[in-house]
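Asker: Quick one: the structure is below, and I'll ask about it shortly.
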Amino acid sequence: MRTVDTLIVGASLAAAAAAKRLVDAGLETVILERQELPRHKICSGILSPRGHRFLLENFGPLPREALHEPTSCKGVTFHFPCMVPLPMDFFGGTTPHLHRKYSDYWAIRRSGAEVHDRTSFASLEDRGDHVLVTARRQGRDLQYRARHVIGADGPSSLVTRAVYPDYPKRIPWFFVGQKFHDIIECPLDEQYFHFWFHPQLGHYTWSHARDGQQIVGCGFKRGDNFGERHRGVRRYLEDKHGVLLKDETSDEGCAENFGPSLIDRYVFGQGNVLITGQASGFLNMIGEGMSCALHSGAISGEAVVEARLRNRPVQEMYRRMIASEVRRTTDQWNPLMIAFAKPHEADFPAALMKLSWRERKLVAKDIWNFLLLYREFKWGRQIGALALQRLFTGGYPMQRWL
Ligand SMILES: Cc1cc2nc3c(=O)[nH]c(=O)nc-3n(C[C@H](O)[C@H](O)[C@H](O)COP(=O)(O)OP(=O)(O)OC[C@H]3O[C@@H](n4cnc5c(N)ncnc54)[C@H](O)[C@@H]3O)c2cc1C
């Protein structure tokens, strides 16, 4: 059995940030990763300016191999059924287009933690003063004993399930899939990430350039047919935007826990087990999850350091410290903040104001029709109530967190 101060599950960005804080504080830290490193991660790789700053400040400048072509992204363009495009540049200039396989590996190595790859977390037992973890490596069971465990294992987190077995039944699940196409003709500006607010296309529809190909992606409630959905989007892009693509050369998809950050239903763990990153439910507008994974991961690491220093329960520390990241993330979905503050990293209200009154009306109508697609999840009232609470108390209620 290996004994360590902290065991982190998952070798991604949240893990790298957590590990950096722990290693810097002198704590022996081991990261378990089920895949072989460097590992593939499905992601568009558009890092927000805040995420970029975090990487620079904590790990230094990105190496060239950690970037896709085009190496940077100027911003996001929203598209609507009314065909009024809404391009928005990121505040502070372009951001890097990350190649997750290499950027994550680079950040993990720079954290200084010891990594055990091809090692899957299987189960845990919190014994009060330590946690016993069972993992599997090439068919063999391995035991770890840690003072604290951090689950940074992404949306389908097994660490979350180990702590809250019925959690997956409590939230709606989505599927997101993308196909890679060689390009015949593509008028979409390759300097932007393109997103469609179009209810007929699905809950989440996007396209962008990568390494000489065009990615066409769509997201929908789990159970729908990816092939059919994708064909519909491809036809639409051809008819409405003149995007001519060859048949896909490859495709991929995964389950996503979209929703908890909209309605302040985060999951942060229990006892000596912390959950962080997307496993907690952190996801910004347009599915940007890297910046909040980095920041929440760092906070989970800091909470462990603080808890040891002050001899306090780690959950108490973590929940107090993570409230700032909850505010930042949930503000992005808060209609009052969207209207009167600037919770996003590109200026949506300014882009809207550049349109004529007629165009603004068309766009507002299309956004409303798109939001109706989400009516079945009954998030609207909760978002409204949370917006008022934020206004009067300055934050979001912790009682809603698991
Ligand atoms: C199609 C798509 C496009 C996206 N595009 C963007 C984008 O452009 N910009 C952006 O900011 N975000 C984007 N995101 C979201 C972003 O990828 C995630 O929010 C972010 O990677 C979350 O980071 P994380 O560190 O919390 O977890 P993850 O990146 O999900 O990493 C979890 C890690 O844990 C490992 N793991 C899982 N289970 C176990 C286990 N049992 N044992 C050991 N290891 C395990 C996994 O292999 C993985 O390495 C996109 C997501 C998808 C699906």
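As shown in the structure tokens, the chain order sets the letters A, B, ...; within each chain, residues go from 1, and ligands are also counted from 1 in the order they appear.
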Determine, for each residue of chain A having at least one atom at most 7 Å from an atom of ligand 1, the closest pair of atoms and their separation in Å to one decimal, counting only C-alpha atoms and all ligand atoms; order by chain and ascending number, as a Markdown table.
Answerer:
| residue | atom | partner | partner_atom_place_in_ligand_line | distance |
| --- | --- | --- | --- | --- |
| A:Val9 | CA | ligand 1 | 43 (C) | 5.2 |
| A:Gly10 | CA | ligand 1 | 34 (O) | 3.1 |
| A:Ala11 | CA | ligand 1 | 49 (O) | 4.7 |
| A:Ser12 | CA | ligand 1 | 25 (O) | 4.2 |
| A:Leu13 | CA | ligand 1 | 25 (O) | 4.1 |
| A:Ala14 | CA | ligand 1 | 25 (O) | 3.8 |
| A:Ala15 | CA | ligand 1 | 25 (O) | 5.8 |
| A:Leu32 | CA | ligand 1 | 43 (C) | 5.1 |
| A:Glu33 | CA | ligand 1 | 44 (N) | 3.7 |
| A:Arg34 | CA | ligand 1 | 43 (C) | 3.9 |
| A:Gln35 | CA | ligand 1 | 47 (O) | 5.5 |
| A:Arg39 | CA | ligand 1 | 49 (O) | 7.0 |
| A:Lys41 | CA | ligand 1 | 29 (O) | 6.7 |
| A:Ile42 | CA | ligand 1 | 1 (C) | 5.4 |
| A:Cys43 | CA | ligand 1 | 3 (C) | 3.5 |
| A:Ser44 | CA | ligand 1 | 8 (O) | 3.7 |
| A:Gly45 | CA | ligand 1 | 8 (O) | 4.1 |
| A:Ile46 | CA | ligand 1 | 8 (O) | 3.7 |
| A:Leu47 | CA | ligand 1 | 11 (O) | 4.9 |
| A:Ser48 | CA | ligand 1 | 11 (O) | 6.4 |
| A:Thr119 | CA | ligand 1 | 43 (C) | 6.0 |
| A:Ser120 | CA | ligand 1 | 42 (N) | 3.5 |
| A:Phe121 | CA | ligand 1 | 42 (N) | 3.9 |
| A:Ala122 | CA | ligand 1 | 41 (N) | 6.1 |
| A:Ala152 | CA | ligand 1 | 26 (O) | 5.4 |
| A:Asp153 | CA | ligand 1 | 34 (O) | 3.4 |
| A:Gly154 | CA | ligand 1 | 30 (O) | 3.4 |
| A:Pro155 | CA | ligand 1 | 30 (O) | 5.9 |
| A:Ser157 | CA | ligand 1 | 38 (N) | 5.8 |
| A:Leu158 | CA | ligand 1 | 41 (N) | 5.4 |
| A:Val176 | CA | ligand 1 | 1 (C) | 5.7 |
| A:Gly177 | CA | ligand 1 | 1 (C) | 6.1 |
| A:Gln178 | CA | ligand 1 | 1 (C) | 6.5 |
| A:Gly253 | CA | ligand 1 | 1 (C) | 6.8 |
| A:Cys254 | CA | ligand 1 | 53 (C) | 6.1 |
| A:Glu256 | CA | ligand 1 | 53 (C) | 6.6 |
| A:Thr276 | CA | ligand 1 | 26 (O) | 6.5 |
| A:Gly277 | CA | ligand 1 | 26 (O) | 3.4 |
| A:Gln278 | CA | ligand 1 | 26 (O) | 3.9 |
| A:Ala279 | CA | ligand 1 | 26 (O) | 5.7 |
| A:Leu283 | CA | ligand 1 | 19 (O) | 5.9 |
| A:Gly287 | CA | ligand 1 | 14 (N) | 5.5 |
| A:Glu288 | CA | ligand 1 | 11 (O) | 3.5 |
| A:Gly289 | CA | ligand 1 | 19 (O) | 3.2 |
| A:Met290 | CA | ligand 1 | 11 (O) | 3.7 |
| A:Ser291 | CA | ligand 1 | 11 (O) | 5.9 |
| A:Ala293 | CA | ligand 1 | 26 (O) | 4.8 |
Asker: Taking only range 208-374 of chain A into account, list the residues labelled alpha helix (DSSP H) by DSSP (computed from the backbone), as a PyMOL selection string.
Answerer: chain A and resi 226-241+290-310+314-331+335-340+348-353+357-372
Asker: From the options A:Thr29, A:Asn225, A:Gln214, A:Thr94, which residue's atoms come nearest to Glu114 in chain A, counting only C-alpha atoms?
Answerer: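 Smallest separation from Glu114 in chain A among the options: A:Thr29.
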Asker: Excluding range 247-249 of chain A and any residue of its chain fewer than 5 positions from it, enumerate the residues within 8 Å of it, using only C-alpha atoms, and give them as a PDB file with C-alpha atoms, in the first residue's frame.
Answerer:
ATOM      1  CA  LYS A 179     -16.986  14.854 -36.516  1.00  0.00           C
ATOM      2  CA  PHE A 180     -13.841  15.924 -38.357  1.00  0.00           C
ATOM      3  CA  HIS A 181     -14.166  16.862 -42.046  1.00  0.00           C
ATOM      4  CA  ASP A 182     -11.769  17.757 -44.825  1.00  0.00           C
TER       5      ASP A 182
END
Asker: Using only C-alpha atoms, can you tell me which of A:Leu188, A:Val363, A:Trp196, A:His148 comes closest to Gln315 in chain A?
Answerer: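 With only C-alpha atoms as the atom set, the closest residue is A:His148.
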Asker: Give me every strand (DSSP E or B) residue in range 190-268 of chain A, going by DSSP on the backbone, as a ChimeraX atom specification.
Answerer: /A:192-196,204-210,213-221,244-256
Asker: Could you please determine the separation between CA of Leu67 in chain A and CA of Thr95 in chain A in Å, to one decimal place?
Answerer: 10.7 Å
Asker: Give me, as a tab-separated table, each residue of range 225-329 of chain A that comes within 12 Å of range 375-381 of chain A, together with its shortest interatomic pair and the distance in Å at one decimal, counting only C-alpha atoms, with rows ordered by chain and rising residue number.
Answerer:
residue	atom	partner	partner_atom	distance
A:Phe258	CA	A:Phe377	CA	11.2
A:Gly259	CA	A:Trp379	CA	8.4
A:Pro260	CA	A:Trp379	CA	9.9
A:Ser261	CA	A:Trp379	CA	10.9
A:Leu262	CA	A:Trp379	CA	7.7
A:Ile263	CA	A:Trp379	CA	6.7
A:Asp264	CA	A:Trp379	CA	10.5
A:Arg265	CA	A:Trp379	CA	11.0
Asker: Mind writing the picked residues with N, CA and C atoms as a PDB file, in the first residue's frame?
Answerer:
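The resulting file, part_32.pdb, is shown below:
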ATOM      1  N   PHE A 258     -24.017  18.928 -18.176  1.00  0.00           N
ATOM      2  CA  PHE A 258     -24.398  20.330 -18.339  1.00  0.00           C
ATOM      3  C   PHE A 258     -25.606  20.627 -17.443  1.00  0.00           C
ATOM      4  N   GLY A 259     -25.569  21.665 -16.659  1.00  0.00           N
ATOM      5  CA  GLY A 259     -26.751  22.016 -15.854  1.00  0.00           C
ATOM      6  C   GLY A 259     -26.449  22.479 -14.439  1.00  0.00           C
ATOM      7  N   PRO A 260     -25.597  21.737 -13.669  1.00  0.00           N
ATOM      8  CA  PRO A 260     -25.417  22.116 -12.255  1.00  0.00           C
ATOM      9  C   PRO A 260     -24.981  23.563 -12.043  1.00  0.00           C
ATOM     10  N   SER A 261     -24.134  24.108 -12.934  1.00  0.00           N
ATOM     11  CA  SER A 261     -23.654  25.475 -12.688  1.00  0.00           C
ATOM     12  C   SER A 261     -24.746  26.515 -12.957  1.00  0.00           C
ATOM     13  N   LEU A 262     -25.730  26.183 -13.790  1.00  0.00           N
ATOM     14  CA  LEU A 262     -26.817  27.129 -14.063  1.00  0.00           C
ATOM     15  C   LEU A 262     -27.661  27.339 -12.819  1.00  0.00           C
ATOM     16  N   ILE A 263     -27.844  26.248 -12.066  1.00  0.00           N
ATOM     17  CA  ILE A 263     -28.803  26.316 -10.958  1.00  0.00           C
ATOM     18  C   ILE A 263     -28.124  26.095  -9.604  1.00  0.00           C
ATOM     19  N   ASP A 264     -26.803  26.332  -9.553  1.00  0.00           N
ATOM     20  CA  ASP A 264     -26.085  26.293  -8.278  1.00  0.00           C
ATOM     21  C   ASP A 264     -26.202  24.930  -7.591  1.00  0.00           C
ATOM     22  N   ARG A 265     -26.191  23.871  -8.379  1.00  0.00           N
ATOM     23  CA  ARG A 265     -26.262  22.517  -7.801  1.00  0.00           C
ATOM     24  C   ARG A 265     -24.901  21.829  -7.936  1.00  0.00           C
TER      25      ARG A 265
END
Asker: Which residues are close to Glu228 in chain A, i.e. within 12 Å by only C-alpha atoms, leaving aside same-chain residues fewer than 5 positions away? Reply as a list in words.
Answerer: Gly177, Leu201, Gly202, Cys218, Gly219, Phe220, Val233, Arg234 and Arg235 of chain A
Asker: Can I get the selected residues back with N, CA and C atoms, as a PDB file, in the first residue's frame?
Answerer:
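Full text of part.pdb as output:
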ATOM      1  N   GLY A 177     -21.139  15.273 -29.408  1.00  0.00           N
ATOM      2  CA  GLY A 177     -20.301  14.527 -30.351  1.00  0.00           C
ATOM      3  C   GLY A 177     -19.796  15.444 -31.436  1.00  0.00           C
ATOM      4  N   LEU A 201     -31.617  22.546 -34.452  1.00  0.00           N
ATOM      5  CA  LEU A 201     -30.327  21.861 -34.609  1.00  0.00           C
ATOM      6  C   LEU A 201     -29.936  21.085 -33.354  1.00  0.00           C
ATOM      7  N   GLY A 202     -30.451  21.504 -32.200  1.00  0.00           N
ATOM      8  CA  GLY A 202     -30.115  20.777 -30.962  1.00  0.00           C
ATOM      9  C   GLY A 202     -29.777  21.726 -29.835  1.00  0.00           C
ATOM     10  N   CYS A 218     -22.384  18.554 -32.293  1.00  0.00           N
ATOM     11  CA  CYS A 218     -23.727  18.816 -31.788  1.00  0.00           C
ATOM     12  C   CYS A 218     -23.927  18.115 -30.450  1.00  0.00           C
ATOM     13  N   GLY A 219     -24.760  18.735 -29.631  1.00  0.00           N
ATOM     14  CA  GLY A 219     -25.061  18.192 -28.315  1.00  0.00           C
ATOM     15  C   GLY A 219     -26.563  18.137 -28.131  1.00  0.00           C
ATOM     16  N   PHE A 220     -27.010  17.125 -27.410  1.00  0.00           N
ATOM     17  CA  PHE A 220     -28.451  16.942 -27.220  1.00  0.00           C
ATOM     18  C   PHE A 220     -28.666  16.066 -26.003  1.00  0.00           C
ATOM     19  N   VAL A 233     -27.200  19.051 -38.980  1.00  0.00           N
ATOM     20  CA  VAL A 233     -26.360  20.246 -38.809  1.00  0.00           C
ATOM     21  C   VAL A 233     -25.530  20.462 -40.077  1.00  0.00           C
ATOM     22  N   ARG A 234     -24.982  19.383 -40.602  1.00  0.00           N
ATOM     23  CA  ARG A 234     -24.130  19.510 -41.794  1.00  0.00           C
ATOM     24  C   ARG A 234     -24.931  20.065 -42.983  1.00  0.00           C
ATOM     25  N   ARG A 235     -26.180  19.550 -43.126  1.00  0.00           N
ATOM     26  CA  ARG A 235     -27.060  20.040 -44.212  1.00  0.00           C
ATOM     27  C   ARG A 235     -27.331  21.528 -44.022  1.00  0.00           C
TER      28      ARG A 235
END
Asker: Set the distance at 10 Å and use only C-alpha atoms: which residues neighbour Leu237 in chain A once local chain neighbours fewer than 5 positions away are removed? I'd like the list as a ChimeraX atom specification.
Answerer: /A:186,188,207,216,231-232,242-245
Asker: Just to be explicit: take each residue in the selection above, keep C-alpha atoms, and write the result as a PDB file, in the first residue's frame.
Answerer:
ATOM      1  CA  CYS A 186     -15.759  26.979 -45.662  1.00  0.00           C
ATOM      2  CA  LEU A 188     -16.878  30.548 -41.561  1.00  0.00           C
ATOM      3  CA  SER A 207     -18.176  24.381 -35.614  1.00  0.00           C
ATOM      4  CA  VAL A 216     -18.919  19.980 -36.795  1.00  0.00           C
ATOM      5  CA  ARG A 231     -26.411  15.078 -40.726  1.00  0.00           C
ATOM      6  CA  GLY A 232     -29.014  17.761 -39.947  1.00  0.00           C
ATOM      7  CA  GLY A 242     -22.218  27.582 -47.898  1.00  0.00           C
ATOM      8  CA  VAL A 243     -20.003  25.202 -45.877  1.00  0.00           C
ATOM      9  CA  LEU A 244     -19.006  22.330 -48.191  1.00  0.00           C
ATOM     10  CA  LEU A 245     -17.318  19.434 -46.448  1.00  0.00           C
TER      11      LEU A 245
END
Asker: Just checking: using only C-alpha atoms, which residue out of A:Ser356, A:Ser123, A:Asn334, A:Gln138 ends up closest to Tyr396 in chain A?
Answerer: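 The answer is A:Asn334, which sits nearest to Tyr396 in chain A.
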Asker: So which residues touch range 59-65 of chain A within 7 Å, counting only C-alpha atoms, skipping near sequence neighbours fewer than 5 positions away, as a compact mmCIF listing (two decimals) with C-alpha atoms, in the first residue's frame?
Answerer:
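And here is the file that came out, around.txt:
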# COMPACT_ATOMS: atom_id res chain seq x y z
CA TYR A 102 -0.16 17.91 -24.90
CA ALA A 107 0.64 21.23 -17.03
CA ARG A 110 4.92 21.18 -14.41
Asker: Considering only C-alpha atoms, state which residue in the set A:Pro187, A:Gly212, A:Arg327, A:Gly301 is at the smallest distance from Thr393 in chain A.
Answerer: A:Arg327
Asker: For each of A:Lys246, A:Ala303, A:Ile383, A:Ala351, take the minimum atom-to-atom distance to Val84 in chain A, counting only C-alpha atoms, then give the residue where this is smallest.
Answerer: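 Among the listed residues, the smallest separation from Val84 in chain A belongs to A:Ala351.
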Asker: May I ask which of the residues A:Gly395, A:Pro199, A:Pro38, A:Gly93 is the closest one to Ala66 in chain A, counting only C-alpha atoms?
Answerer: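 Answer, going by the shortest atom-to-atom distance: A:Pro38.
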Asker: Give me, please, the distance in Å between CA of Asp104 in chain A and CA of Val304 in chain A, quoted to one decimal.
Answerer: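 Rounded to one decimal, the two atoms are 22.2 Å apart.
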Asker: Between CA of Phe392 in chain A and CA of Asp331 in chain A, what distance in Å does the model show, to one decimal?
Answerer: 13.9 Å
